[in-house]
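Okay, so here's the structure we're looking at.
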Amino acid sequence: MTDLGGVIVATALPYRPDPAAPAGLAVDHEAYAAHCDWLLENGCRGVGPNGSLGEYSSLTDDERRSVVRTAVAATRGRGVVVAGVHAPGSHLSRYWAELAAEAGADAVLCLPPTMYRATPAQVIDHFAEVASAGLPVMIYNNPIDTKVDLTPGLVAEISQIDNIVAIKEFSGDVRRAFEIQELCDIQVIAGADDLLFELILDSATGWFAGFPNAFPAESVEIYELAKSGKVSEARELYRHLVPVFRWDSRTEFVQAIKLSMDIIGRFGGPCRPPRGPLTPDQEAQVRRETEQAVAALAEFKNSAAV
């Protein structure tokens, strides 16, 4: 399985109170399975457990492994599972990729080495090690967090590795999509929700997304309209969501997306440390922008039905 296009959701992870669990919060596997099922029912192509939005760095090893199993069981072959395998070293990322393969994941998403500013040669070695686990690999360019930029030239070198099939592009530079595709044959996947529209028009073939956790059907509609050339319709729908989508590119994106889920009636809930609650001003802004999006979408749908 090498096609990683469509809307794949970087899933938020629900917790339930448990005094014996880390920070008093245990992974709620039942709620997580129900959430994965809901996303697929609303047209999303698949789910991405153990990404940054899934708070992988706050999970124990056992939790991280079981989350992938829950995602695989919940999709039941109806969608793809792209498991995050981010880690400080290539041996650890390969280990998580091997466990993802054992659990039945379809592919993996991988950052360059975390906690270390790797050189280009070290980055190439890192991804070669991960790819050797055998699953298709979507490399992840997030220079804001990792301080390592997967430039188009470096992506072209990495793309020569067997099993490297896609890149999640989160640099914020919309010029990257065309340049990468000029240099190599790799799928460019939109990684930032507030640049989705621009990257899809620049021929990105998929969206590894955050806010479809709260707006799955609307997000799929935007993606499909844009891909089918209905640009005006896609733009009109997108503009109602992009104010809240901008939180996907902010430090507090996990808390913001979970709050938006709570507001629309899904369970987002708390985060584990080091992520604390939003400040009162941040919470007020997320609430205002989410509620405005909900109201605008309702009006948009009513006018379209007339």
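Labels for the structure tokens follow display order: chains A, B, ..., residues from 1 in each chain, ligands from 1.
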Per-residue DSSP, stretch 4-253 of chain A, filtered to strand (DSSP E or B), as a PDB file with N, CA, C and O atoms, in the first residue's frame:
ATOM      1  N   GLY A   6      -5.604  11.457   0.115  1.00  0.00           N
ATOM      2  CA  GLY A   6      -6.861  11.615   0.833  1.00  0.00           C
ATOM      3  C   GLY A   6      -6.672  12.300   2.164  1.00  0.00           C
ATOM      4  O   GLY A   6      -5.580  12.776   2.502  1.00  0.00           O
ATOM      5  N   VAL A   7      -7.728  12.338   2.947  1.00  0.00           N
ATOM      6  CA  VAL A   7      -7.699  12.998   4.257  1.00  0.00           C
ATOM      7  C   VAL A   7      -7.441  11.940   5.329  1.00  0.00           C
ATOM      8  O   VAL A   7      -8.307  11.116   5.629  1.00  0.00           O
ATOM      9  N   ILE A   8      -6.234  11.953   5.861  1.00  0.00           N
ATOM     10  CA  ILE A   8      -5.868  11.065   6.965  1.00  0.00           C
ATOM     11  C   ILE A   8      -5.728  11.934   8.205  1.00  0.00           C
ATOM     12  O   ILE A   8      -5.017  12.945   8.191  1.00  0.00           O
ATOM     13  N   VAL A   9      -6.402  11.553   9.269  1.00  0.00           N
ATOM     14  CA  VAL A   9      -6.503  12.421  10.441  1.00  0.00           C
ATOM     15  C   VAL A   9      -5.467  12.040  11.493  1.00  0.00           C
ATOM     16  O   VAL A   9      -5.404  10.883  11.931  1.00  0.00           O
ATOM     17  N   ALA A  10      -4.655  13.013  11.875  1.00  0.00           N
ATOM     18  CA  ALA A  10      -3.764  12.844  13.026  1.00  0.00           C
ATOM     19  C   ALA A  10      -4.645  12.873  14.268  1.00  0.00           C
ATOM     20  O   ALA A  10      -5.075  13.936  14.719  1.00  0.00           O
ATOM     21  N   TYR A  15      -8.524  10.638  27.149  1.00  0.00           N
ATOM     22  CA  TYR A  15      -8.130  10.019  28.414  1.00  0.00           C
ATOM     23  C   TYR A  15      -9.337   9.929  29.339  1.00  0.00           C
ATOM     24  O   TYR A  15     -10.333  10.637  29.170  1.00  0.00           O
ATOM     25  N   ARG A  16      -9.220   9.045  30.338  1.00  0.00           N
ATOM     26  CA  ARG A  16     -10.215   8.947  31.405  1.00  0.00           C
ATOM     27  C   ARG A  16      -9.471   9.058  32.742  1.00  0.00           C
ATOM     28  O   ARG A  16      -8.306   8.664  32.843  1.00  0.00           O
ATOM     29  N   PRO A  17     -10.106   9.575  33.766  1.00  0.00           N
ATOM     30  CA  PRO A  17      -9.437   9.707  35.068  1.00  0.00           C
ATOM     31  C   PRO A  17      -9.040   8.343  35.626  1.00  0.00           C
ATOM     32  O   PRO A  17      -9.812   7.389  35.586  1.00  0.00           O
ATOM     33  N   LEU A  25      -4.265  10.203  34.313  1.00  0.00           N
ATOM     34  CA  LEU A  25      -5.074  10.077  33.104  1.00  0.00           C
ATOM     35  C   LEU A  25      -4.675   8.807  32.357  1.00  0.00           C
ATOM     36  O   LEU A  25      -3.517   8.656  31.957  1.00  0.00           O
ATOM     37  N   ALA A  26      -5.626   7.905  32.169  1.00  0.00           N
ATOM     38  CA  ALA A  26      -5.391   6.681  31.414  1.00  0.00           C
ATOM     39  C   ALA A  26      -5.980   6.820  30.019  1.00  0.00           C
ATOM     40  O   ALA A  26      -6.998   7.505  29.817  1.00  0.00           O
ATOM     41  N   VAL A  27      -5.340   6.194  29.026  1.00  0.00           N
ATOM     42  CA  VAL A  27      -5.871   6.214  27.669  1.00  0.00           C
ATOM     43  C   VAL A  27      -7.245   5.545  27.667  1.00  0.00           C
ATOM     44  O   VAL A  27      -7.421   4.440  28.175  1.00  0.00           O
ATOM     45  N   GLY A  46      -8.392   7.705   6.546  1.00  0.00           N
ATOM     46  CA  GLY A  46      -7.703   6.917   7.545  1.00  0.00           C
ATOM     47  C   GLY A  46      -7.361   7.733   8.769  1.00  0.00           C
ATOM     48  O   GLY A  46      -7.758   8.903   8.903  1.00  0.00           O
ATOM     49  N   VAL A  47      -6.607   7.099   9.668  1.00  0.00           N
ATOM     50  CA  VAL A  47      -6.244   7.730  10.937  1.00  0.00           C
ATOM     51  C   VAL A  47      -4.749   7.585  11.180  1.00  0.00           C
ATOM     52  O   VAL A  47      -4.103   6.646  10.703  1.00  0.00           O
ATOM     53  N   GLY A  48      -4.216   8.529  11.941  1.00  0.00           N
ATOM     54  CA  GLY A  48      -2.796   8.533  12.272  1.00  0.00           C
ATOM     55  C   GLY A  48      -2.591   8.551  13.775  1.00  0.00           C
ATOM     56  O   GLY A  48      -2.542   9.634  14.379  1.00  0.00           O
ATOM     57  N   VAL A  80      -7.064   3.454   6.170  1.00  0.00           N
ATOM     58  CA  VAL A  80      -5.649   3.200   6.398  1.00  0.00           C
ATOM     59  C   VAL A  80      -5.247   3.697   7.783  1.00  0.00           C
ATOM     60  O   VAL A  80      -5.832   4.640   8.324  1.00  0.00           O
ATOM     61  N   VAL A  81      -4.239   3.057   8.335  1.00  0.00           N
ATOM     62  CA  VAL A  81      -3.646   3.473   9.609  1.00  0.00           C
ATOM     63  C   VAL A  81      -2.190   3.815   9.351  1.00  0.00           C
ATOM     64  O   VAL A  81      -1.402   2.964   8.908  1.00  0.00           O
ATOM     65  N   VAL A  82      -1.836   5.075   9.595  1.00  0.00           N
ATOM     66  CA  VAL A  82      -0.459   5.555   9.415  1.00  0.00           C
ATOM     67  C   VAL A  82       0.061   5.929  10.800  1.00  0.00           C
ATOM     68  O   VAL A  82      -0.273   6.987  11.332  1.00  0.00           O
ATOM     69  N   ALA A  83       0.859   5.055  11.384  1.00  0.00           N
ATOM     70  CA  ALA A  83       1.284   5.213  12.774  1.00  0.00           C
ATOM     71  C   ALA A  83       2.518   6.092  12.888  1.00  0.00           C
ATOM     72  O   ALA A  83       3.486   5.913  12.141  1.00  0.00           O
ATOM     73  N   GLY A  84       2.497   7.011  13.834  1.00  0.00           N
ATOM     74  CA  GLY A  84       3.669   7.828  14.118  1.00  0.00           C
ATOM     75  C   GLY A  84       4.753   7.000  14.781  1.00  0.00           C
ATOM     76  O   GLY A  84       4.476   6.242  15.719  1.00  0.00           O
ATOM     77  N   ALA A 107       1.122   1.967   7.153  1.00  0.00           N
ATOM     78  CA  ALA A 107       2.280   2.805   6.861  1.00  0.00           C
ATOM     79  C   ALA A 107       2.680   3.516   8.144  1.00  0.00           C
ATOM     80  O   ALA A 107       1.999   3.418   9.169  1.00  0.00           O
ATOM     81  N   VAL A 108       3.810   4.231   8.079  1.00  0.00           N
ATOM     82  CA  VAL A 108       4.261   4.992   9.241  1.00  0.00           C
ATOM     83  C   VAL A 108       4.580   6.428   8.844  1.00  0.00           C
ATOM     84  O   VAL A 108       4.908   6.714   7.688  1.00  0.00           O
ATOM     85  N   LEU A 109       4.469   7.301   9.818  1.00  0.00           N
ATOM     86  CA  LEU A 109       4.849   8.710   9.691  1.00  0.00           C
ATOM     87  C   LEU A 109       6.057   8.942  10.581  1.00  0.00           C
ATOM     88  O   LEU A 109       6.044   8.550  11.752  1.00  0.00           O
ATOM     89  N   CYS A 110       7.101   9.589  10.037  1.00  0.00           N
ATOM     90  CA  CYS A 110       8.331   9.705  10.817  1.00  0.00           C
ATOM     91  C   CYS A 110       9.000  11.058  10.641  1.00  0.00           C
ATOM     92  O   CYS A 110       9.256  11.507   9.519  1.00  0.00           O
ATOM     93  N   VAL A 137       6.716   4.564   4.148  1.00  0.00           N
ATOM     94  CA  VAL A 137       7.074   5.629   5.085  1.00  0.00           C
ATOM     95  C   VAL A 137       6.680   6.986   4.512  1.00  0.00           C
ATOM     96  O   VAL A 137       7.033   7.319   3.376  1.00  0.00           O
ATOM     97  N   MET A 138       5.949   7.762   5.312  1.00  0.00           N
ATOM     98  CA  MET A 138       5.721   9.176   5.036  1.00  0.00           C
ATOM     99  C   MET A 138       6.676   9.958   5.917  1.00  0.00           C
ATOM    100  O   MET A 138       6.544   9.948   7.142  1.00  0.00           O
ATOM    101  N   ILE A 139       7.678  10.591   5.316  1.00  0.00           N
ATOM    102  CA  ILE A 139       8.581  11.415   6.105  1.00  0.00           C
ATOM    103  C   ILE A 139       7.867  12.720   6.451  1.00  0.00           C
ATOM    104  O   ILE A 139       6.911  13.109   5.790  1.00  0.00           O
ATOM    105  N   TYR A 140       8.325  13.369   7.506  1.00  0.00           N
ATOM    106  CA  TYR A 140       7.587  14.508   8.060  1.00  0.00           C
ATOM    107  C   TYR A 140       8.552  15.673   8.208  1.00  0.00           C
ATOM    108  O   TYR A 140       9.502  15.614   8.992  1.00  0.00           O
ATOM    109  N   ASN A 141       8.285  16.739   7.465  1.00  0.00           N
ATOM    110  CA  ASN A 141       9.114  17.933   7.552  1.00  0.00           C
ATOM    111  C   ASN A 141       8.450  18.962   8.452  1.00  0.00           C
ATOM    112  O   ASN A 141       7.451  19.580   8.081  1.00  0.00           O
ATOM    113  N   ILE A 164      10.186   4.723   0.942  1.00  0.00           N
ATOM    114  CA  ILE A 164       9.856   6.130   1.188  1.00  0.00           C
ATOM    115  C   ILE A 164       8.899   6.568   0.095  1.00  0.00           C
ATOM    116  O   ILE A 164       9.262   6.608  -1.081  1.00  0.00           O
ATOM    117  N   VAL A 165       7.651   6.885   0.470  1.00  0.00           N
ATOM    118  CA  VAL A 165       6.639   7.132  -0.555  1.00  0.00           C
ATOM    119  C   VAL A 165       6.007   8.525  -0.494  1.00  0.00           C
ATOM    120  O   VAL A 165       5.378   8.954  -1.463  1.00  0.00           O
ATOM    121  N   ALA A 166       6.146   9.230   0.633  1.00  0.00           N
ATOM    122  CA  ALA A 166       5.432  10.501   0.775  1.00  0.00           C
ATOM    123  C   ALA A 166       6.142  11.403   1.765  1.00  0.00           C
ATOM    124  O   ALA A 166       6.974  10.962   2.566  1.00  0.00           O
ATOM    125  N   ILE A 167       5.813  12.691   1.693  1.00  0.00           N
ATOM    126  CA  ILE A 167       6.301  13.660   2.673  1.00  0.00           C
ATOM    127  C   ILE A 167       5.135  14.489   3.183  1.00  0.00           C
ATOM    128  O   ILE A 167       4.334  15.011   2.396  1.00  0.00           O
ATOM    129  N   LYS A 168       5.020  14.579   4.492  1.00  0.00           N
ATOM    130  CA  LYS A 168       4.096  15.520   5.117  1.00  0.00           C
ATOM    131  C   LYS A 168       4.828  16.849   5.220  1.00  0.00           C
ATOM    132  O   LYS A 168       5.824  16.974   5.939  1.00  0.00           O
ATOM    133  N   GLU A 169       4.341  17.856   4.492  1.00  0.00           N
ATOM    134  CA  GLU A 169       5.037  19.132   4.383  1.00  0.00           C
ATOM    135  C   GLU A 169       4.427  20.138   5.349  1.00  0.00           C
ATOM    136  O   GLU A 169       3.281  20.534   5.218  1.00  0.00           O
ATOM    137  N   GLN A 187       4.920  11.524  -3.080  1.00  0.00           N
ATOM    138  CA  GLN A 187       3.648  12.173  -2.797  1.00  0.00           C
ATOM    139  C   GLN A 187       3.860  13.315  -1.805  1.00  0.00           C
ATOM    140  O   GLN A 187       4.468  13.112  -0.752  1.00  0.00           O
ATOM    141  N   VAL A 188       3.361  14.490  -2.137  1.00  0.00           N
ATOM    142  CA  VAL A 188       3.423  15.628  -1.229  1.00  0.00           C
ATOM    143  C   VAL A 188       2.088  15.744  -0.507  1.00  0.00           C
ATOM    144  O   VAL A 188       1.033  15.900  -1.130  1.00  0.00           O
ATOM    145  N   ILE A 189       2.136  15.640   0.808  1.00  0.00           N
ATOM    146  CA  ILE A 189       0.934  15.649   1.639  1.00  0.00           C
ATOM    147  C   ILE A 189       0.894  16.948   2.426  1.00  0.00           C
ATOM    148  O   ILE A 189       1.863  17.302   3.111  1.00  0.00           O
ATOM    149  N   ALA A 190      -0.216  17.672   2.335  1.00  0.00           N
ATOM    150  CA  ALA A 190      -0.372  18.908   3.103  1.00  0.00           C
ATOM    151  C   ALA A 190      -0.344  18.575   4.589  1.00  0.00           C
ATOM    152  O   ALA A 190      -1.044  17.671   5.041  1.00  0.00           O
ATOM    153  N   GLY A 206      -2.613  14.745  -0.816  1.00  0.00           N
ATOM    154  CA  GLY A 206      -3.297  14.324   0.395  1.00  0.00           C
ATOM    155  C   GLY A 206      -3.189  15.370   1.478  1.00  0.00           C
ATOM    156  O   GLY A 206      -2.545  16.417   1.306  1.00  0.00           O
ATOM    157  N   TRP A 207      -3.805  15.072   2.607  1.00  0.00           N
ATOM    158  CA  TRP A 207      -3.825  15.996   3.752  1.00  0.00           C
ATOM    159  C   TRP A 207      -3.747  15.161   5.023  1.00  0.00           C
ATOM    160  O   TRP A 207      -4.621  14.363   5.310  1.00  0.00           O
ATOM    161  N   PHE A 208      -2.647  15.311   5.758  1.00  0.00           N
ATOM    162  CA  PHE A 208      -2.507  14.668   7.068  1.00  0.00           C
ATOM    163  C   PHE A 208      -2.891  15.733   8.075  1.00  0.00           C
ATOM    164  O   PHE A 208      -2.129  16.655   8.351  1.00  0.00           O
ATOM    165  N   ALA A 209      -4.076  15.608   8.629  1.00  0.00           N
ATOM    166  CA  ALA A 209      -4.783  16.762   9.148  1.00  0.00           C
ATOM    167  C   ALA A 209      -5.060  16.694  10.634  1.00  0.00           C
ATOM    168  O   ALA A 209      -5.132  15.619  11.223  1.00  0.00           O
TER     169      ALA A 209
END
Can you write out as CSV which residues of stretch 119-198 of chain A fall within 12 Å of stretch 89-106 of chain A, alongside each residue's closest atom pair and its distance in Å to one decimal, counting only C-alpha atoms and ordering rows by chain and ascending residue number?
residue,atom,partner,partner_atom,distance
A:Gln122,CA,A:Ser90,CA,9.4
A:Val123,CA,A:Ser90,CA,9.1
A:Ile124,CA,A:Ser90,CA,10.2
A:Asp125,CA,A:Ser90,CA,7.9
A:His126,CA,A:Ser90,CA,4.8
A:Phe127,CA,A:Ser90,CA,7.4
A:Ala128,CA,A:Ser90,CA,8.7
A:Glu129,CA,A:Ser90,CA,6.1
A:Val130,CA,A:Arg94,CA,4.4
A:Ala131,CA,A:Arg94,CA,7.6
A:Ser132,CA,A:Arg94,CA,7.6
A:Ala133,CA,A:Glu98,CA,5.5
A:Gly134,CA,A:Ala101,CA,7.8
A:Leu135,CA,A:Ala101,CA,6.7
A:Pro136,CA,A:Asp106,CA,7.4
A:Val137,CA,A:Ala97,CA,9.1
A:Met138,CA,A:Asp106,CA,11.0
A:Ile139,CA,A:Ser93,CA,11.8
A:Asn163,CA,A:Asp106,CA,11.9
One-decimal distance in Å that lies between atom CA of A:Cys271 and atom CA of A:Ala214
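Separation between atom CA of A:Ala214 and atom CA of A:Cys271: 16.2 Å.
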Can you pull out the residues contacting A:Ser52? Cut-off 10 Å, using only C-alpha atoms, and skip same-chain residues under 3 positions away; I want them as a PyMOL selection string.
chain A and resi 10-12+48-49+55-58+84+86+210+253-254
Output all heavy atoms for every residue in the selection just made, as an mmCIF file, in the first residue's frame.
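File part.cif, as written:
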data_model
loop_
_atom_site.group_PDB
_atom_site.id
_atom_site.type_symbol
_atom_site.label_atom_id
_atom_site.label_comp_id
_atom_site.auth_asym_id
_atom_site.auth_seq_id
_atom_site.Cartn_x
_atom_site.Cartn_y
_atom_site.Cartn_z
ATOM 1 N N ALA A 10 -4.655 13.013 11.875
ATOM 2 C CA ALA A 10 -3.764 12.844 13.026
ATOM 3 C C ALA A 10 -4.645 12.873 14.268
ATOM 4 O O ALA A 10 -5.075 13.936 14.719
ATOM 5 C CB ALA A 10 -2.727 13.959 13.072
ATOM 6 N N THR A 11 -4.944 11.712 14.805
ATOM 7 C CA THR A 11 -6.007 11.605 15.805
ATOM 8 C C THR A 11 -5.589 12.120 17.176
ATOM 9 O O THR A 11 -4.503 11.809 17.681
ATOM 10 C CB THR A 11 -6.463 10.146 15.938
ATOM 11 O OG1 THR A 11 -5.319 9.284 15.957
ATOM 12 C CG2 THR A 11 -7.355 9.760 14.778
ATOM 13 N N ALA A 12 -6.484 12.896 17.769
ATOM 14 C CA ALA A 12 -6.346 13.272 19.179
ATOM 15 C C ALA A 12 -6.650 12.045 20.029
ATOM 16 O O ALA A 12 -7.388 11.144 19.619
ATOM 17 C CB ALA A 12 -7.301 14.407 19.515
ATOM 18 N N GLY A 48 -4.216 8.529 11.941
ATOM 19 C CA GLY A 48 -2.796 8.533 12.272
ATOM 20 C C GLY A 48 -2.591 8.551 13.775
ATOM 21 O O GLY A 48 -2.542 9.634 14.379
ATOM 22 N N PRO A 49 -2.482 7.396 14.416
ATOM 23 C CA PRO A 49 -2.210 7.370 15.856
ATOM 24 C C PRO A 49 -0.758 7.731 16.157
ATOM 25 O O PRO A 49 0.117 7.604 15.308
ATOM 26 C CB PRO A 49 -2.499 5.906 16.229
ATOM 27 C CG PRO A 49 -2.196 5.137 14.974
ATOM 28 C CD PRO A 49 -2.610 6.042 13.843
ATOM 29 N N GLU A 55 -0.174 13.014 21.253
ATOM 30 C CA GLU A 55 0.628 13.145 22.474
ATOM 31 C C GLU A 55 1.557 11.945 22.693
ATOM 32 O O GLU A 55 1.749 11.480 23.818
ATOM 33 C CB GLU A 55 -0.289 13.351 23.689
ATOM 34 C CG GLU A 55 -1.169 14.586 23.577
ATOM 35 C CD GLU A 55 -2.121 14.742 24.751
ATOM 36 O OE1 GLU A 55 -1.650 15.034 25.873
ATOM 37 O OE2 GLU A 55 -3.345 14.576 24.544
ATOM 38 N N TYR A 56 2.179 11.484 21.606
ATOM 39 C CA TYR A 56 3.019 10.284 21.704
ATOM 40 C C TYR A 56 4.135 10.439 22.727
ATOM 41 O O TYR A 56 4.516 9.470 23.401
ATOM 42 C CB TYR A 56 3.610 9.944 20.324
ATOM 43 C CG TYR A 56 4.775 10.812 19.917
ATOM 44 C CD1 TYR A 56 6.086 10.428 20.190
ATOM 45 C CD2 TYR A 56 4.583 12.029 19.261
ATOM 46 C CE1 TYR A 56 7.162 11.228 19.828
ATOM 47 C CE2 TYR A 56 5.644 12.829 18.904
ATOM 48 C CZ TYR A 56 6.938 12.425 19.184
ATOM 49 O OH TYR A 56 7.997 13.225 18.823
ATOM 50 N N SER A 57 4.668 11.636 22.855
ATOM 51 C CA SER A 57 5.798 11.836 23.762
ATOM 52 C C SER A 57 5.388 11.778 25.232
ATOM 53 O O SER A 57 6.255 11.718 26.115
ATOM 54 C CB SER A 57 6.483 13.177 23.468
ATOM 55 O OG SER A 57 5.575 14.254 23.607
ATOM 56 N N SER A 58 4.078 11.779 25.500
ATOM 57 C CA SER A 58 3.589 11.688 26.879
ATOM 58 C C SER A 58 3.077 10.290 27.224
ATOM 59 O O SER A 58 2.550 10.083 28.319
ATOM 60 C CB SER A 58 2.461 12.711 27.098
ATOM 61 O OG SER A 58 2.923 14.029 26.924
ATOM 62 N N GLY A 84 2.497 7.011 13.834
ATOM 63 C CA GLY A 84 3.669 7.828 14.118
ATOM 64 C C GLY A 84 4.753 7.000 14.781
ATOM 65 O O GLY A 84 4.476 6.242 15.719
ATOM 66 N N HIS A 86 7.931 8.536 15.611
ATOM 67 C CA HIS A 86 8.927 9.549 15.939
ATOM 68 C C HIS A 86 9.723 9.130 17.176
ATOM 69 O O HIS A 86 9.173 8.594 18.136
ATOM 70 C CB HIS A 86 8.259 10.892 16.216
ATOM 71 C CG HIS A 86 7.123 11.188 15.291
ATOM 72 N ND1 HIS A 86 7.250 11.166 13.914
ATOM 73 C CD2 HIS A 86 5.824 11.514 15.537
ATOM 74 C CE1 HIS A 86 6.095 11.476 13.363
ATOM 75 N NE2 HIS A 86 5.209 11.681 14.330
ATOM 76 N N GLY A 210 -5.270 17.879 11.235
ATOM 77 C CA GLY A 210 -5.583 17.977 12.643
ATOM 78 C C GLY A 210 -7.033 18.294 12.932
ATOM 79 O O GLY A 210 -7.704 17.587 13.686
ATOM 80 N N PHE A 253 -1.703 23.677 19.719
ATOM 81 C CA PHE A 253 -2.639 23.076 18.769
ATOM 82 C C PHE A 253 -3.376 21.873 19.357
ATOM 83 O O PHE A 253 -4.552 21.651 19.048
ATOM 84 C CB PHE A 253 -1.919 22.685 17.467
ATOM 85 C CG PHE A 253 -1.003 21.504 17.575
ATOM 86 C CD1 PHE A 253 -1.369 20.270 17.071
ATOM 87 C CD2 PHE A 253 0.254 21.631 18.157
ATOM 88 C CE1 PHE A 253 -0.524 19.181 17.156
ATOM 89 C CE2 PHE A 253 1.108 20.552 18.248
ATOM 90 C CZ PHE A 253 0.716 19.313 17.747
ATOM 91 N N VAL A 254 -2.727 21.090 20.205
ATOM 92 C CA VAL A 254 -3.395 19.915 20.762
ATOM 93 C C VAL A 254 -4.555 20.350 21.654
ATOM 94 O O VAL A 254 -5.683 19.853 21.532
ATOM 95 C CB VAL A 254 -2.410 19.032 21.554
ATOM 96 C CG1 VAL A 254 -3.134 17.802 22.113
ATOM 97 C CG2 VAL A 254 -1.249 18.592 20.675
#
Contacts of stretch 180-280 of chain A with stretch 151-156 of chain A up to 8 Å, shortest pair per row, only C-alpha atoms, as CSV:
residue,atom,partner,partner_atom,distance
A:Ile180,CA,A:Pro152,CA,4.9
A:Leu183,CA,A:Ala156,CA,5.9
A:Cys184,CA,A:Ala156,CA,5.2
Written selection (N, CA and C atoms) as a PDB file, in the first residue's frame:
ATOM      1  N   ILE A 180       9.477  20.107  -4.896  1.00  0.00           N
ATOM      2  CA  ILE A 180       9.723  18.700  -4.559  1.00  0.00           C
ATOM      3  C   ILE A 180       9.341  17.803  -5.724  1.00  0.00           C
ATOM      4  N   LEU A 183      11.746  17.576  -8.542  1.00  0.00           N
ATOM      5  CA  LEU A 183      13.011  16.897  -8.279  1.00  0.00           C
ATOM      6  C   LEU A 183      12.871  15.393  -8.089  1.00  0.00           C
ATOM      7  N   CYS A 184      11.676  14.922  -7.707  1.00  0.00           N
ATOM      8  CA  CYS A 184      11.545  13.498  -7.414  1.00  0.00           C
ATOM      9  C   CYS A 184      10.086  13.071  -7.491  1.00  0.00           C
TER      10      CYS A 184
END
Write out as a PyMOL selection string all residues of stretch 23-268 of chain A that backbone DSSP assigns to helix (DSSP H, G or I).
chain A and resi 23-24+29-41+56-58+61-75+90-103+120-131+143-146+152-158+176-183+193-201+211-213+216-227+231-249+253-264
Contacts of A:Thr60 at 10 Å (only C-alpha atoms; same-chain gap of 5+ positions) as an MDAnalysis selection string:
chainID A and resid 21:22 65:66
Calculate how many Å separate atom CA of A:Pro143 from atom CA of A:Phe178, rounding to one decimal.
18.6 Å
